[in-house]
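Containing compact mmCIF, C-alpha atoms: data.txt.
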# COMPACT_ATOMS: atom_id res chain seq x y z
CA MET A 1 -1.92 22.17 -7.43
CA TRP A 2 -3.86 24.73 -5.40
CA ARG A 3 -1.94 26.99 -3.05
CA LEU A 4 -3.48 28.39 0.13
CA ASP A 5 -2.11 31.91 -0.39
CA LYS A 6 -3.60 32.04 -3.90
CA SER A 7 -6.92 30.57 -2.69
CA ARG A 8 -7.16 33.22 0.02
CA LYS A 9 -6.26 36.06 -2.35
CA GLN A 10 -8.72 34.86 -5.01
CA PHE A 11 -11.60 34.81 -2.54
CA PHE A 12 -11.08 38.41 -1.46
CA VAL A 13 -10.68 39.52 -5.08
CA ASP A 14 -13.96 37.83 -5.99
CA CYS A 15 -15.95 39.23 -3.06
CA GLY A 16 -14.49 42.73 -3.45
CA ASN A 17 -13.60 43.06 0.22
CA PRO A 18 -10.25 43.76 1.85
CA GLU A 19 -8.29 40.76 3.11
CA GLU A 20 -9.53 41.01 6.67
CA ASN A 21 -11.56 39.33 9.38
CA PHE A 22 -15.14 38.59 8.19
CA TRP A 23 -16.66 40.07 11.33
CA LYS A 24 -14.77 43.33 10.90
CA THR A 25 -16.19 43.63 7.38
CA LEU A 26 -19.67 42.74 8.64
CA PHE A 27 -19.57 45.30 11.46
CA GLU A 28 -18.63 47.99 8.98
CA GLN A 29 -21.26 47.02 6.39
CA SER A 30 -24.07 46.69 8.92
CA GLY A 31 -23.46 49.98 10.74
CA HIS A 32 -21.86 48.57 13.90
CA GLN A 33 -18.69 50.65 13.71
CA ASN A 34 -19.01 51.31 17.44
CA LEU A 35 -18.04 47.68 18.09
CA LEU A 36 -14.77 48.26 16.26
CA GLU A 37 -13.75 50.99 18.67
CA GLY A 38 -14.12 49.26 22.04
CA ASP A 39 -11.76 46.83 23.73
CA LYS A 40 -14.33 44.05 24.13
CA TYR A 41 -13.77 42.56 20.66
CA SER A 42 -10.35 44.04 19.87
CA GLU A 43 -8.44 40.76 20.10
CA PHE A 44 -10.99 38.90 18.01
CA LEU A 45 -11.20 41.62 15.37
CA SER A 46 -7.42 41.85 15.10
CA TRP A 47 -7.29 38.22 13.96
CA ASN A 48 -6.06 37.87 10.37
CA PRO A 49 -7.41 35.36 7.82
CA HIS A 50 -5.36 32.24 7.21
CA ARG A 51 -7.35 29.15 6.18
CA SER A 52 -10.60 31.08 6.46
CA ASN A 53 -11.88 34.64 6.87
CA CYS A 54 -13.72 33.51 10.02
CA PRO A 55 -11.77 32.54 13.16
CA GLU A 56 -14.12 29.69 14.08
CA LEU A 57 -14.16 28.30 10.55
CA ASP A 58 -10.37 28.49 10.62
CA ILE A 59 -10.32 26.34 13.76
CA ALA A 60 -12.87 23.91 12.30
CA THR A 61 -10.81 23.57 9.13
CA LYS A 62 -7.66 22.83 11.11
CA ASN A 63 -9.52 20.18 13.11
CA LEU A 64 -10.86 18.64 9.90
CA LEU A 65 -7.35 18.49 8.45
CA GLU A 66 -6.10 16.62 11.50
CA SER A 67 -8.61 13.84 10.87
CA ALA A 68 -8.34 13.80 7.06
CA PRO A 69 -6.92 10.82 5.14
CA VAL A 70 -3.29 11.36 4.20
CA GLU A 71 -4.04 11.15 0.48
CA TRP A 72 -6.45 14.14 0.72
CA MET A 73 -4.42 16.31 3.04
CA ALA A 74 -2.24 18.04 0.43
CA THR A 75 -5.35 19.24 -1.39
CA MET A 76 -7.43 20.11 1.66
CA ARG A 77 -4.77 22.24 3.33
CA ASN A 78 -4.69 24.55 0.31
CA ILE A 79 -8.44 25.25 0.18
CA PHE A 80 -9.68 28.55 1.62
CA VAL A 81 -13.00 28.13 3.51
CA ALA A 82 -14.94 31.36 3.97
CA ARG A 83 -18.18 33.02 5.00
CA SER A 84 -19.76 35.17 2.31
CA PHE A 85 -22.92 37.17 1.60
CA LYS A 86 -23.43 35.60 -1.81
CA GLY A 87 -26.89 34.44 -2.92
CA ASP A 88 -29.08 31.83 -1.31
CA VAL A 89 -26.88 28.79 -1.76
CA ASN A 90 -25.89 27.25 1.54
CA ALA A 91 -22.40 26.35 0.32
CA GLU A 92 -20.58 26.47 -2.97
CA ALA A 93 -17.12 25.64 -4.24
CA SER A 94 -15.05 27.23 -6.98
CA SER A 95 -11.74 26.35 -8.56
CA PHE A 96 -9.19 28.54 -10.30
CA ARG A 97 -5.66 27.93 -11.51
CA GLY A 98 -3.69 27.55 -8.30
CA ALA A 99 -6.72 28.33 -6.08
CA GLY A 100 -9.60 26.41 -4.50
CA ILE A 101 -12.38 28.03 -2.46
CA ILE A 102 -15.37 26.85 -0.42
CA GLU A 103 -17.93 29.52 0.56
CA LEU A 104 -20.60 29.18 3.25
CA ASN A 105 -23.56 31.54 3.09
CA TYR A 106 -23.61 33.72 6.20
CA GLY A 107 -27.41 33.82 6.37
CA PHE A 108 -27.68 30.03 6.54
CA THR A 109 -25.06 29.66 9.27
CA LEU A 110 -26.65 32.49 11.24
CA ALA A 111 -30.11 30.88 10.99
CA ALA A 112 -28.69 27.60 12.27
CA MET A 113 -27.07 29.45 15.17
CA ILE A 114 -30.29 31.24 16.08
CA TYR A 115 -32.36 28.07 16.29
CA SER A 116 -29.64 26.26 18.21
CA THR A 117 -29.64 29.16 20.65
CA LEU A 118 -33.43 28.98 21.01
CA PHE A 119 -33.22 25.30 21.83
CA SER A 120 -30.50 25.98 24.39
CA HIS A 121 -32.61 28.67 26.11
CA PHE A 122 -35.70 26.45 26.09
CA TYR A 123 -33.88 23.38 27.38
CA ASP A 124 -32.18 25.25 30.23
CA ALA A 125 -35.40 26.97 31.31
CA ILE A 126 -37.54 23.82 31.32
CA ARG A 127 -34.81 21.79 33.01
CA ALA A 128 -34.43 24.39 35.76
CA ALA A 129 -38.21 24.57 36.29
CA GLY A 130 -38.53 20.80 36.44
CA LYS A 131 -35.63 20.12 38.76
CA GLU A 132 -35.28 23.17 40.96
CA VAL A 133 -38.80 24.54 41.48
CA ASP A 134 -41.06 23.22 44.21
CA TRP A 135 -44.45 23.32 42.47
CA ASN A 136 -46.19 22.31 45.72
CA TYR A 137 -45.13 25.54 47.39
CA ASP A 138 -48.35 27.10 48.69
CA ASP A 139 -47.82 30.70 47.67
CA THR A 140 -49.65 32.00 44.62
CA ALA A 141 -47.52 35.13 44.27
CA VAL A 142 -44.30 33.10 44.24
CA THR A 143 -45.74 30.61 41.74
CA GLU A 144 -46.79 33.45 39.43
CA MET A 145 -43.28 34.89 39.60
CA ILE A 146 -41.83 31.50 38.69
CA VAL A 147 -44.19 31.13 35.74
CA GLU A 148 -43.34 34.65 34.51
CA GLU A 149 -39.62 33.88 34.70
CA LEU A 150 -40.15 30.60 32.86
CA GLU A 151 -42.09 32.41 30.15
CA ARG A 152 -39.35 35.02 29.81
CA ALA A 153 -36.51 32.51 29.68
CA ALA A 154 -38.10 29.75 27.58
CA PHE A 155 -40.69 31.37 25.33
CA GLU A 156 -39.79 35.03 24.80
CA PRO A 157 -36.77 34.17 22.59
CA ILE A 158 -39.04 31.96 20.46
CA GLU A 159 -41.62 34.73 20.10
CA VAL A 160 -38.91 37.24 19.14
CA THR A 161 -37.68 34.91 16.40
CA ASP A 162 -41.18 34.12 15.13
CA ARG A 163 -41.78 37.83 14.56
CA GLU A 164 -38.66 38.01 12.37
CA VAL A 165 -39.30 34.99 10.15
CA GLN A 166 -41.52 36.84 7.68
CA ALA A 167 -38.85 39.49 7.13
CA TRP A 168 -36.26 36.77 6.51
CA ALA A 169 -38.48 35.20 3.84
CA VAL A 170 -39.11 38.53 2.08
CA ASN A 171 -35.54 39.81 2.17
CA ARG A 172 -33.96 36.39 1.48
CA HIS A 173 -31.35 36.88 4.16
CA VAL A 174 -31.26 36.44 7.92
CA LYS A 175 -31.09 39.28 10.41
CA ALA A 176 -30.27 38.94 14.08
CA THR A 177 -30.02 41.94 16.35
CA HIS A 178 -32.00 40.82 19.40
CA PRO A 179 -29.82 39.47 22.26
CA LEU A 180 -32.34 36.69 22.99
CA GLN A 181 -31.63 35.18 19.59
CA ILE A 182 -27.88 35.00 19.91
CA GLU A 183 -26.62 34.89 23.47
CA LEU A 184 -26.34 31.37 24.79
CA PRO A 185 -27.17 30.83 28.47
CA LYS A 186 -24.08 31.04 30.66
CA LYS A 187 -24.72 27.65 32.26
CA GLY A 188 -26.27 24.38 31.24
CA ARG A 189 -26.64 22.80 27.84
CA ARG A 190 -24.46 23.92 24.95
CA VAL A 191 -25.16 23.25 21.28
CA SER A 192 -22.04 23.01 19.16
CA ILE A 193 -22.16 24.91 15.90
CA ILE A 194 -19.63 26.66 13.69
CA THR A 195 -20.47 30.32 14.18
CA TRP A 196 -19.90 33.28 16.47
CA TYR A 197 -22.52 34.38 19.01
CA TRP A 198 -22.73 38.18 18.54
CA PRO A 199 -25.59 40.65 17.91
CA LEU A 200 -25.06 41.09 14.19
CA ARG A 201 -27.11 42.03 11.16
CA SER A 202 -26.33 41.15 7.56
CA SER A 203 -26.27 44.11 5.21
Render the structure in this file as structure tokens.
Amino acid sequence: MWRLDKSRKQFFVDCGNPEENFWKTLFEQSGHQNLLEGDKYSEFLSWNPHRSNCPELDIATKNLLESAPVEWMATMRNIFVARSFKGDVNAEASSFRGAGIIELNYGFTLAAMIYSTLFSHFYDAIRAAGKEVDWNYDDTAVTEMIVEELERAAFEPIEVTDREVQAWAVNRHVKATHPLQIELPKKGRRVSIITWYWPLRSS
């Protein structure tokens, strides 16, 4: 029978990283040590791995366990689910004596987050333009300002991402450092996805 403590320990042994929050490791590896020093993320970065090395994956795993069939629960609650930098595989599982691990490739989950964010920006911008703007307003200057704002909100994030795609293909991992790729609009539509919306870069 797998044991959660052994599953967790085995993962960190395999990846060669300390048993700590995934985002703390990522900040250090990608040169964002400055984010470790401020108060903004202190609570989040102080979180310790339990069922996962990622706080949101930990929550998702707990939610999955709550809806799991009783006959699977004993096995599922002892599996460690983690983000990793390994290879190009979206997800992989490994089994050891007393340990079971599921790994999700960070680049894949980050790519999914980026495109979900783009859709959210685009949807909110078009919705606002369609419902709140009076296109019959007879003032060219005001109309031009509206169009410029629409272009900034709806299309600039898409253009930023398009410029990065070639680099992703060459380097075989996803980078995201531009705020327009990762910060969801504060109001309006939300796209649910298992990830964390911060300006990060994989190493």
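The closest residue to Glu156 (chain A), picked from A:Phe85, A:Ala141, A:Ala129, A:His121 and counting all atoms listed in the file, is A:His121.
The two atoms in question, CA of Cys54 (chain A) and CA of Leu104 (chain A), are spaced 10.6 Å apart.
Residues lying within 12 Å of Pro49 (chain A), counting only C-alpha atoms and ignoring same-chain neighbours fewer than 3 positions away, are Leu4, Asp5, Ser7, Arg8, Lys9, Phe11, Phe12, Pro18, Glu19, Glu20, Asn21, Phe22, Trp23, Lys24, Phe44, Leu45, Ser46, Ser52, Asn53, Cys54, Pro55, Glu56, Leu57, Asp58, Ile59, Phe80, Val81, Ala82 and Arg83 of chain A.
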* Selected residue, from A:Ser95, A:Phe155, A:Lys62, A:Ser67, that lies nearest to His50 (chain A) when counting only C-alpha atoms -> A:Lys62
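If you look at CA of Asn34 (chain A) and CA of Tyr115 (chain A), they are 26.8 Å away from each other.
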* To do: Would you kindly return, as a PyMOL selection string, each protein, DNA or RNA residue with an atom no farther than 10 Å from any atom of Ile158 (chain A), considering all atoms listed in the file and excluding same-chain residues fewer than 5 positions away?
  => chain A and resi 114-115+117-119+121-122+152-153+163+180-181
* Nearest-residue call for Tyr106 (chain A), choices A:Glu28, A:Ala68, A:Ser84, A:Trp47, using all atoms listed in the file -> A:Ser84
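For the choices A:Thr75, A:Ala128, A:Asn90, A:Phe96, the atom-to-atom distance to Leu110 (chain A) is smallest for A:Asn90 when using all atoms listed in the file.
Between CA of Asp162 (chain A) and CA of Ala111 (chain A) the separation is 12.3 Å.
Nearest residue to Ser120 (chain A) among A:Glu149, A:Pro157, A:Asn105, A:Val89 is A:Pro157, counting only C-alpha atoms.
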